[in-house]
$ cat protein-v4.pdb   # PDB, C-alpha atoms and all ligand atoms
MODEL        1
ATOM      1  CA  MET A1180    -204.891  -8.594 -85.614
ATOM      2  CA  PHE A1181    -204.355 -10.673 -82.494
ATOM      3  CA  THR A1182    -202.564  -7.808 -80.739
ATOM      4  CA  ALA A1183    -205.347  -5.431 -81.745
ATOM      5  CA  LEU A1184    -207.950  -7.812 -80.283
ATOM      6  CA  LEU A1185    -205.887  -8.209 -77.147
ATOM      7  CA  HIS A1186    -205.745  -4.444 -76.725
ATOM      8  CA  LEU A1187    -209.505  -4.245 -77.229
ATOM      9  CA  CYS A1188    -210.110  -6.782 -74.457
ATOM     10  CA  PHE A1189    -207.364  -5.553 -72.136
ATOM     11  CA  PRO A1190    -206.708  -1.909 -72.957
ATOM     12  CA  HIS A1191    -203.142  -0.871 -72.263
ATOM     13  CA  VAL A1192    -202.655   2.608 -70.902
ATOM     14  CA  CYS A1193    -199.675   4.943 -70.926
ATOM     15  CA  GLU A1194    -197.690   4.521 -67.678
ATOM     16  CA  SER A1195    -197.209   8.272 -67.526
ATOM     17  CA  CYS A1196    -200.386  10.064 -68.643
ATOM     18  CA  GLY A1197    -202.867   7.190 -68.560
ATOM     19  CA  ILE A1198    -204.350   7.506 -72.071
ATOM     20  CA  THR A1199    -205.155   4.299 -73.950
ATOM     21  CA  LEU A1200    -202.235   3.155 -76.049
ATOM     22  CA  THR A1201    -202.497   2.318 -79.721
ATOM     23  CA  PRO A1202    -201.428  -1.210 -80.731
ATOM     24  CA  THR A1203    -198.052   0.156 -81.897
ATOM     25  CA  GLU A1204    -197.267   1.848 -78.574
ATOM     26  CA  ALA A1205    -195.872   0.069 -75.521
ATOM     27  CA  PHE A1206    -195.768   1.370 -71.933
ATOM     28  CA  LEU A1207    -195.590   5.042 -72.978
ATOM     29  CA  CYS A1208    -197.688   6.935 -75.519
ATOM     30  CA  HIS A1209    -195.998   8.727 -78.387
ATOM     31  CA  GLN A1210    -196.434  12.141 -76.756
ATOM     32  CA  CYS A1211    -194.902  11.050 -73.428
ATOM     33  CA  THR A1212    -192.031   9.306 -75.251
ATOM     34  CA  ILE A1213    -191.213  12.603 -76.948
ATOM     35  CA  GLN A1214    -191.425  14.434 -73.620
ATOM     36  CA  LEU A1215    -189.092  12.116 -71.663
ATOM     37  CA  PRO A1216    -186.544  14.399 -69.936
ATOM     38  CA  ARG A1217    -183.470  13.035 -71.722
ATOM     39  CA  THR A1218    -180.075  14.236 -70.472
ATOM     40  CA  GLY A1219    -178.065  13.656 -73.664
ATOM     41  CA  PHE A1220    -175.105  12.795 -71.372
ATOM     42  CA  GLN A1221    -174.151   9.894 -73.671
ATOM     43  CA  HIS A1222    -172.727  12.464 -76.073
ATOM     44  CA  PHE A1223    -170.528  14.237 -73.512
ATOM     45  CA  ALA A1224    -167.464  13.217 -71.546
ATOM     46  CA  GLU A1225    -167.269  15.350 -68.398
ATOM     47  CA  ASN A1226    -171.045  15.387 -68.116
ATOM     48  CA  PRO A1227    -172.561  16.228 -64.689
ATOM     49  CA  VAL A1228    -172.686  12.567 -63.578
ATOM     50  CA  GLU A1229    -169.023  12.001 -64.449
ATOM     51  CA  LYS A1230    -168.123  15.221 -62.651
ATOM     52  CA  LEU A1231    -170.081  14.143 -59.590
ATOM     53  CA  PHE A1232    -167.513  11.381 -59.004
ATOM     54  CA  TYR A1233    -164.369  13.447 -59.603
ATOM     55  CA  GLY A1234    -161.979  12.981 -56.675
ATOM     56  CA  ARG A1235    -164.180  10.271 -55.205
ATOM     57  CA  ILE A1236    -163.791   7.135 -57.345
ATOM     58  CA  PRO A1237    -161.841   6.418 -60.544
ATOM     59  CA  VAL A1238    -164.897   5.847 -62.738
ATOM     60  CA  GLN A1239    -164.019   5.442 -66.423
ATOM     61  CA  HIS A1240    -167.304   6.715 -67.875
ATOM     62  CA  ALA A1241    -170.640   7.672 -66.363
ATOM     63  CA  LEU A1242    -174.042   8.796 -67.514
ATOM     64  CA  ALA A1243    -177.679   9.017 -66.530
ATOM     65  CA  ALA A1244    -180.351   8.562 -69.172
ATOM     66  CA  TYR A1245    -182.975  10.998 -67.829
ATOM     67  CA  TYR A1246    -183.400  13.874 -65.412
ATOM     68  CA  PHE A1247    -185.274  13.146 -62.222
ATOM     69  CA  SER A1248    -187.047  16.086 -60.618
ATOM     70  CA  GLU A1249    -190.167  16.707 -58.597
ATOM     71  CA  ALA A1250    -192.125  17.636 -61.691
ATOM     72  CA  SER A1251    -190.597  15.210 -64.151
ATOM     73  CA  MET A1252    -192.210  12.207 -65.738
ATOM     74  CA  LEU A1253    -189.330  10.144 -64.384
ATOM     75  CA  ARG A1254    -190.440  10.712 -60.823
ATOM     76  CA  LYS A1255    -193.738   9.014 -61.620
ATOM     77  CA  LEU A1256    -192.080   6.172 -63.533
ATOM     78  CA  VAL A1257    -189.443   5.560 -60.850
ATOM     79  CA  HIS A1258    -192.187   5.490 -58.215
ATOM     80  CA  LYS A1259    -193.999   2.810 -60.205
ATOM     81  CA  ILE A1260    -190.770   0.854 -60.645
ATOM     82  CA  LYS A1261    -189.977   1.009 -56.930
ATOM     83  CA  TYR A1262    -193.339   0.699 -55.258
ATOM     84  CA  ARG A1263    -195.918  -0.543 -57.743
ATOM     85  CA  HIS A1264    -194.408  -3.866 -58.825
ATOM     86  CA  LYS A1265    -193.986  -2.808 -62.456
ATOM     87  CA  ARG A1266    -191.630  -5.530 -63.590
ATOM     88  CA  LYS A1267    -192.199  -5.181 -67.354
ATOM     89  CA  LEU A1268    -192.042  -1.379 -67.225
ATOM     90  CA  THR A1269    -188.675  -1.649 -65.444
ATOM     91  CA  ILE A1270    -187.260  -3.922 -68.147
ATOM     92  CA  PHE A1271    -188.666  -1.558 -70.791
ATOM     93  CA  MET A1272    -186.853   1.401 -69.176
ATOM     94  CA  GLY A1273    -183.695  -0.731 -69.079
ATOM     95  CA  ARG A1274    -184.017  -1.251 -72.826
ATOM     96  CA  GLN A1275    -184.214   2.514 -73.316
ATOM     97  CA  MET A1276    -180.996   2.843 -71.264
ATOM     98  CA  GLY A1277    -179.410   0.197 -73.500
ATOM     99  CA  LYS A1278    -180.299   2.181 -76.632
ATOM    100  CA  ILE A1279    -178.753   5.306 -75.095
ATOM    101  CA  LEU A1280    -175.607   3.370 -74.107
ATOM    102  CA  LEU A1281    -175.218   2.221 -77.716
ATOM    103  CA  GLN A1282    -174.781   5.896 -78.652
ATOM    104  CA  THR A1283    -171.675   6.305 -76.464
ATOM    105  CA  SER A1284    -168.163   6.055 -77.860
ATOM    106  CA  TRP A1285    -167.175   3.682 -75.047
ATOM    107  CA  ILE A1286    -169.854   0.970 -75.013
ATOM    108  CA  HIS A1287    -167.482  -1.514 -76.707
ATOM    109  CA  GLN A1288    -165.194  -1.328 -73.637
ATOM    110  CA  ILE A1289    -167.894  -2.767 -71.361
ATOM    111  CA  THR A1290    -167.689  -6.522 -70.805
ATOM    112  CA  CYS A1291    -170.325  -7.148 -68.124
ATOM    113  CA  ILE A1292    -173.192  -5.506 -66.242
ATOM    114  CA  VAL A1293    -173.528  -5.419 -62.437
ATOM    115  CA  PRO A1294    -176.661  -4.013 -60.761
ATOM    116  CA  VAL A1295    -176.487  -2.152 -57.445
ATOM    117  CA  PRO A1296    -178.043  -4.643 -55.025
ATOM    118  CA  VAL A1297    -180.907  -3.923 -52.628
ATOM    119  CA  THR A1298    -181.406  -5.556 -49.236
ATOM    120  CA  LYS A1299    -183.133  -8.942 -49.115
ATOM    121  CA  LYS A1300    -185.965  -7.305 -47.184
ATOM    122  CA  ARG A1301    -186.602  -4.747 -49.920
ATOM    123  CA  GLU A1302    -186.278  -7.288 -52.683
ATOM    124  CA  LYS A1303    -188.872  -9.440 -50.943
ATOM    125  CA  PHE A1304    -191.241  -6.495 -50.517
ATOM    126  CA  ARG A1305    -190.773  -5.300 -54.089
ATOM    127  CA  GLY A1306    -190.580  -8.760 -55.628
ATOM    128  CA  TYR A1307    -187.426  -7.812 -57.520
ATOM    129  CA  ASN A1308    -184.306  -5.665 -57.477
ATOM    130  CA  GLN A1309    -185.143  -2.778 -59.818
ATOM    131  CA  SER A1310    -181.499  -2.292 -60.838
ATOM    132  CA  ALA A1311    -181.255  -5.985 -61.781
ATOM    133  CA  LEU A1312    -184.335  -5.650 -64.024
ATOM    134  CA  LEU A1313    -182.954  -2.455 -65.579
ATOM    135  CA  SER A1314    -179.746  -4.462 -66.188
ATOM    136  CA  ALA A1315    -181.724  -7.233 -67.897
ATOM    137  CA  GLY A1316    -183.264  -4.659 -70.245
ATOM    138  CA  ILE A1317    -179.849  -3.136 -70.963
ATOM    139  CA  ALA A1318    -178.313  -6.578 -71.564
ATOM    140  CA  ALA A1319    -181.006  -7.401 -74.134
ATOM    141  CA  VAL A1320    -179.925  -4.357 -76.148
ATOM    142  CA  ILE A1321    -176.144  -4.212 -75.695
ATOM    143  CA  GLY A1322    -175.590  -7.984 -75.627
ATOM    144  CA  LYS A1323    -173.378  -8.193 -72.513
ATOM    145  CA  PRO A1324    -173.911 -10.588 -69.595
ATOM    146  CA  VAL A1325    -175.430  -9.493 -66.265
ATOM    147  CA  LEU A1326    -173.759 -10.649 -63.056
ATOM    148  CA  PRO A1327    -176.614 -10.042 -60.596
ATOM    149  CA  HIS A1328    -174.764 -11.422 -57.553
ATOM    150  CA  ALA A1329    -171.348  -9.818 -58.013
ATOM    151  CA  LEU A1330    -172.226  -7.308 -55.293
ATOM    152  CA  LYS A1331    -174.136  -7.987 -52.122
ATOM    153  CA  ARG A1332    -175.914  -5.544 -49.828
ATOM    154  CA  VAL A1333    -175.036  -6.405 -46.247
ATOM    155  CA  VAL A1334    -176.493  -3.734 -43.948
ATOM    156  CA  PHE A1335    -180.013  -2.356 -43.886
ATOM    157  CA  THR A1336    -179.546   1.388 -44.220
ATOM    158  CA  GLY A1337    -183.153   2.531 -43.914
ATOM    159  CA  SER A1338    -184.771   5.106 -46.144
ATOM    160  CA  GLN A1339    -182.331   7.301 -48.044
ATOM    161  CA  THR A1340    -184.769   9.947 -49.075
ATOM    162  CA  ARG A1341    -184.472  12.528 -46.301
ATOM    163  CA  LYS A1342    -180.794  12.358 -45.453
ATOM    164  CA  GLY A1343    -177.931  14.664 -46.330
ATOM    165  CA  ARG A1344    -174.806  13.637 -48.166
ATOM    166  CA  ILE A1345    -172.611  12.929 -45.102
ATOM    167  CA  LEU A1346    -175.290  10.962 -43.297
ATOM    168  CA  ARG A1347    -176.020   9.004 -46.472
ATOM    169  CA  TRP A1348    -172.364   8.213 -46.921
ATOM    170  CA  GLN A1349    -172.010   6.937 -43.363
ATOM    171  CA  ASN A1350    -175.017   4.729 -43.978
ATOM    172  CA  VAL A1351    -173.921   3.208 -47.248
ATOM    173  CA  GLU A1352    -170.132   3.153 -46.864
ATOM    174  CA  HIS A1353    -170.111  -0.376 -45.513
ATOM    175  CA  ALA A1354    -173.390  -1.524 -47.010
ATOM    176  CA  PHE A1355    -171.891  -3.535 -49.876
ATOM    177  CA  GLN A1356    -169.536  -6.450 -50.392
ATOM    178  CA  LEU A1357    -167.832  -7.636 -53.529
ATOM    179  CA  GLU A1358    -168.843 -11.280 -53.665
ATOM    180  CA  GLN A1359    -167.425 -12.406 -56.993
ATOM    181  CA  ALA A1360    -164.141 -10.509 -57.434
ATOM    182  CA  GLY A1361    -162.620 -13.552 -59.168
ATOM    183  CA  LEU A1362    -165.357 -13.543 -61.806
ATOM    184  CA  LEU A1363    -164.704  -9.871 -62.528
ATOM    185  CA  LYS A1364    -161.001 -10.244 -63.157
ATOM    186  CA  ASN A1365    -160.157  -8.761 -66.585
ATOM    187  CA  GLU A1366    -163.668  -7.306 -66.879
ATOM    188  CA  HIS A1367    -164.807  -3.715 -67.370
ATOM    189  CA  VAL A1368    -167.925  -3.504 -65.238
ATOM    190  CA  LEU A1369    -170.944  -1.353 -66.059
ATOM    191  CA  LEU A1370    -172.560  -0.580 -62.706
ATOM    192  CA  ILE A1371    -176.321   0.055 -62.919
ATOM    193  CA  ASP A1372    -178.349   2.192 -60.515
ATOM    194  CA  ASP A1373    -181.898   3.578 -60.659
ATOM    195  CA  VAL A1374    -181.489   7.162 -59.469
ATOM    196  CA  ILE A1375    -178.241   8.992 -58.724
ATOM    197  CA  THR A1376    -178.706  11.847 -56.285
ATOM    198  CA  THR A1377    -175.566  12.412 -54.207
ATOM    199  CA  GLY A1378    -173.875   9.378 -55.754
ATOM    200  CA  ALA A1379    -173.161   7.877 -52.318
ATOM    201  CA  THR A1380    -174.504   4.431 -53.195
ATOM    202  CA  THR A1381    -172.643   4.137 -56.485
ATOM    203  CA  GLU A1382    -169.517   5.537 -54.823
ATOM    204  CA  ALA A1383    -169.607   2.804 -52.162
ATOM    205  CA  CYS A1384    -169.899   0.123 -54.881
ATOM    206  CA  GLY A1385    -167.221   1.808 -56.996
ATOM    207  CA  LYS A1386    -164.780   1.798 -54.075
ATOM    208  CA  LEU A1387    -165.023  -1.999 -53.960
ATOM    209  CA  PHE A1388    -164.155  -2.266 -57.671
ATOM    210  CA  GLN A1389    -161.326   0.218 -57.132
ATOM    211  CA  GLN A1390    -159.887  -1.868 -54.259
ATOM    212  CA  ALA A1391    -160.020  -4.979 -56.457
ATOM    213  CA  ASN A1392    -158.410  -3.169 -59.433
ATOM    214  CA  ILE A1393    -161.482  -3.699 -61.603
ATOM    215  CA  PRO A1394    -162.178  -0.911 -64.123
ATOM    216  CA  PHE A1395    -165.779   0.274 -64.006
ATOM    217  CA  SER A1396    -168.256   2.703 -65.523
ATOM    218  CA  ILE A1397    -171.661   3.817 -64.245
ATOM    219  CA  CYS A1398    -175.083   4.152 -65.846
ATOM    220  CA  SER A1399    -178.225   5.205 -63.998
ATOM    221  CA  LEU A1400    -181.774   5.542 -65.203
ATOM    222  CA  ALA A1401    -182.099   9.038 -63.762
ATOM    223  CA  TYR A1402    -180.085  11.864 -62.278
ATOM    224  CA  ALA A1403    -181.487  14.192 -59.630
ATOM    225  CA  ARG A1404    -179.840  17.585 -59.991
ATOM    226  CA  HIS A1405    -179.137  19.230 -56.660
TER     227      HIS A1405
HETATM  228 ZN    ZN B1501    -198.625   9.264 -72.177
ENDMDL
END
$ encode --input "protein-v4.pdb" --output "structure tokens"
Amino acid sequence: MFTALLHLCFPHVCESCGITLTPTEAFLCHQCTIQLPRTGFQHFAENPVEKLFYGRIPVQHALAAYYFSEASMLRKLVHKIKYRHKRKLTIFMGRQMGKILLQTSWIHQITCIVPVPVTKKREKFRGYNQSALLSAGIAAVIGKPVLPHALKRVVFTGSQTRKGRILRWQNVEHAFQLEQAGLLKNEHVLLIDDVITTGATTEACGKLFQQANIPFSICSLAYARH
């Protein structure tokens, strides 16, 4: 009753298509929830995200929850997460990632969650690190702790959007530091990113875990096929 009244006074709308949500819907309407471009990668070893890192970093398991493309709903949602200060939506999407992770055969191996960090400047502009909020949503579902400061971003690399793979790699190769290697001893880290395109960012973070002999897996909200 209270929720229904609340919705009447402050109508909630679907973050994707904009229609008014019913009291039982949250963030996305039923139709948009059905139409989310799910990858199904949680059911497959050697999925495209795992293959992306072959010969680059010794990642144990990897997946992306959704496809990211120009036309996809994820593009709109990721834009809101990154540029429209949608804190609750980000945590909600993290919870969806958590539910997908629970369907993998390897989730029990994970002992902690580490978000890919953003620069201080970006975090200040955005008000949060989107990967840290996704991690919080995941943690609420899978029941593992988040270590938000295990990695640190040290160099401002500028916008990533219009650069090729080699240029991107040169930009991000030295952009991260492992700050809490001691804390991660005997852990199997689940590294969280928002969108994996070339994988350069996650690769740079993964190299740090590799150098410290810390086993790690990767989960991103979306995967941009290229
Ligand atoms: Zn909708």
$ closest_atom_pairs --input "protein-v4.pdb" --of "chain A" --to "ligand ZN 1501 (chain B)" --cutoff "10 Å" --atoms "all atoms listed in the file" --output "CSV"
residue,atom,partner,partner_atom,distance
A:Val1192,CA,B:ZN1501,ZN,7.9
A:Cys1193,CA,B:ZN1501,ZN,4.6
A:Glu1194,CA,B:ZN1501,ZN,6.6
A:Ser1195,CA,B:ZN1501,ZN,5.0
A:Cys1196,CA,B:ZN1501,ZN,4.0
A:Gly1197,CA,B:ZN1501,ZN,5.9
A:Ile1198,CA,B:ZN1501,ZN,6.0
A:Thr1199,CA,B:ZN1501,ZN,8.4
A:Leu1200,CA,B:ZN1501,ZN,8.1
A:Glu1204,CA,B:ZN1501,ZN,9.9
A:Phe1206,CA,B:ZN1501,ZN,8.4
A:Leu1207,CA,B:ZN1501,ZN,5.3
A:Cys1208,CA,B:ZN1501,ZN,4.2
A:His1209,CA,B:ZN1501,ZN,6.8
A:Gln1210,CA,B:ZN1501,ZN,5.8
A:Cys1211,CA,B:ZN1501,ZN,4.3
A:Thr1212,CA,B:ZN1501,ZN,7.3
A:Ile1213,CA,B:ZN1501,ZN,9.4
A:Gln1214,CA,B:ZN1501,ZN,9.0
A:Leu1215,CA,B:ZN1501,ZN,10.0
A:Met1252,CA,B:ZN1501,ZN,9.6
$ residues_around --input "protein-v4.pdb" --residues "stretch 1366-1374 of chain A" --least-positions-apart "6" --cutoff "6 Å" --atoms "only C-alpha atoms" --output "PyMOL selection string"
chain A and resi 1289-1295+1310+1394-1402
$ atom_distance --input "protein-v4.pdb" --atom1 "atom CA of A:Leu1253" --atom2 "atom CA of A:Ala1205"
16.4 Å
$ closest_residue --input "protein-v4.pdb" --among "A:Leu1312, A:Ile1375, A:Val1238, A:Leu1268" --to "A:Leu1256" --atoms "all atoms listed in the file"
A:Leu1268
$ residues_around --input "protein-v4.pdb" --residues "stretch 1258-1260 of chain A" --least-positions-apart "5" --cutoff "7 Å" --atoms "only C-alpha atoms" --output "NGL selection string"
:A and (1265 or 1269 or 1309)
$ resolve_selection --input "protein-v4.pdb" --expression "the PyMOL selection byres (((chain A and resi 1355) around 7) and not hetatm)" --output "number ranges by chain"
A: 1330-1333, 1353-1354, 1356-1357, 1384
$ write_last_selection --input "protein-v4.pdb" --atoms "C-alpha atoms" --output "PDB file, keeping the file's coordinate frame"
ATOM      1  CA  LEU A1330    -172.226  -7.308 -55.293  1.00  0.00           C
ATOM      2  CA  LYS A1331    -174.136  -7.987 -52.122  1.00  0.00           C
ATOM      3  CA  ARG A1332    -175.914  -5.544 -49.828  1.00  0.00           C
ATOM      4  CA  VAL A1333    -175.036  -6.405 -46.247  1.00  0.00           C
ATOM      5  CA  HIS A1353    -170.111  -0.376 -45.513  1.00  0.00           C
ATOM      6  CA  ALA A1354    -173.390  -1.524 -47.010  1.00  0.00           C
ATOM      7  CA  GLN A1356    -169.536  -6.450 -50.392  1.00  0.00           C
ATOM      8  CA  LEU A1357    -167.832  -7.636 -53.529  1.00  0.00           C
ATOM      9  CA  CYS A1384    -169.899   0.123 -54.881  1.00  0.00           C
TER      10      CYS A1384
END
$ resolve_selection --input "protein-v4.pdb" --expression "the PyMOL selection byres (((chain A and resi 1218) around 6) and not hetatm)" --output "PyMOL selection string"
chain A and resi 1217+1219-1220+1244-1245
$ atom_distance --input "protein-v4.pdb" --atom1 "atom CA of A:Asn1365" --atom2 "atom CA of A:Ala1329"
14.1 Å
$ residues_near_point --input "protein-v4.pdb" --point "(-175.2, 9.3, -54.9)" --cutoff "10 Å" --atoms "only C-alpha atoms" --output "number ranges by chain"
A: 1228, 1231-1232, 1344, 1347-1348, 1351, 1372, 1374-1383, 1402-1403
$ atom_distance --input "protein-v4.pdb" --atom1 "atom CA of A:Pro1327" --atom2 "atom CA of A:Val1297"
10.9 Å
$ closest_residue --input "protein-v4.pdb" --among "A:Trp1285, A:Phe1304, A:Ala1360, A:Ile1270" --to "A:Leu1242" --atoms "only C-alpha atoms"
A:Trp1285
$ residues_near_point --input "protein-v4.pdb" --point "(-157.7, -3.2, -55.9)" --cutoff "12 Å" --atoms "all atoms listed in the file" --output "PyMOL selection string"
chain A and resi 1237+1357+1360-1361+1363-1364+1385-1395
$ closest_residue --input "protein-v4.pdb" --among "A:Ala1224, A:Leu1281, A:Ile1236, A:Ala1315" --to "A:Arg1266" --atoms "all atoms listed in the file"
A:Ala1315
$ closest_residue --input "protein-v4.pdb" --among "A:Arg1305, A:Pro1216, A:Gly1273, A:Pro1296" --to "A:Ser1251" --atoms "only C-alpha atoms"
A:Pro1216
$ decode --input "protein-v4.pdb" --residues "stretch 1245-1256 of chain A" --atoms "N, CA and C atoms" --output "short mmCIF file (atom, residue, chain, number, x, y, z; two decimals), in the first residue's frame"
data_model
loop_
_atom_site.label_atom_id
_atom_site.label_comp_id
_atom_site.auth_asym_id
_atom_site.auth_seq_id
_atom_site.Cartn_x
_atom_site.Cartn_y
_atom_site.Cartn_z
N TYR A 1245 26.27 -9.12 -20.28
CA TYR A 1245 25.44 -8.67 -21.41
C TYR A 1245 26.30 -8.22 -22.59
N TYR A 1246 25.69 -8.21 -23.76
CA TYR A 1246 26.36 -7.64 -24.93
C TYR A 1246 26.16 -6.13 -24.94
N PHE A 1247 27.23 -5.46 -25.33
CA PHE A 1247 27.19 -4.01 -25.48
C PHE A 1247 27.36 -3.71 -26.96
N SER A 1248 26.39 -3.06 -27.57
CA SER A 1248 26.57 -2.66 -28.97
C SER A 1248 25.88 -1.33 -29.16
N GLU A 1249 26.10 -0.73 -30.29
CA GLU A 1249 25.53 0.59 -30.57
C GLU A 1249 24.03 0.60 -30.32
N ALA A 1250 23.37 -0.48 -30.76
CA ALA A 1250 21.92 -0.50 -30.70
C ALA A 1250 21.39 -1.07 -29.39
N SER A 1251 22.25 -1.66 -28.59
CA SER A 1251 21.72 -2.42 -27.46
C SER A 1251 21.27 -1.54 -26.29
N MET A 1252 20.39 -2.13 -25.52
CA MET A 1252 19.87 -1.48 -24.32
C MET A 1252 21.01 -1.18 -23.35
N LEU A 1253 22.04 -2.00 -23.40
CA LEU A 1253 23.15 -1.83 -22.46
C LEU A 1253 23.91 -0.53 -22.69
N ARG A 1254 23.94 -0.10 -23.94
CA ARG A 1254 24.63 1.14 -24.26
C ARG A 1254 23.97 2.29 -23.48
N LYS A 1255 22.65 2.29 -23.50
CA LYS A 1255 21.88 3.32 -22.81
C LYS A 1255 22.11 3.23 -21.29
N LEU A 1256 22.04 2.01 -20.78
CA LEU A 1256 22.20 1.82 -19.33
C LEU A 1256 23.61 2.17 -18.87
#
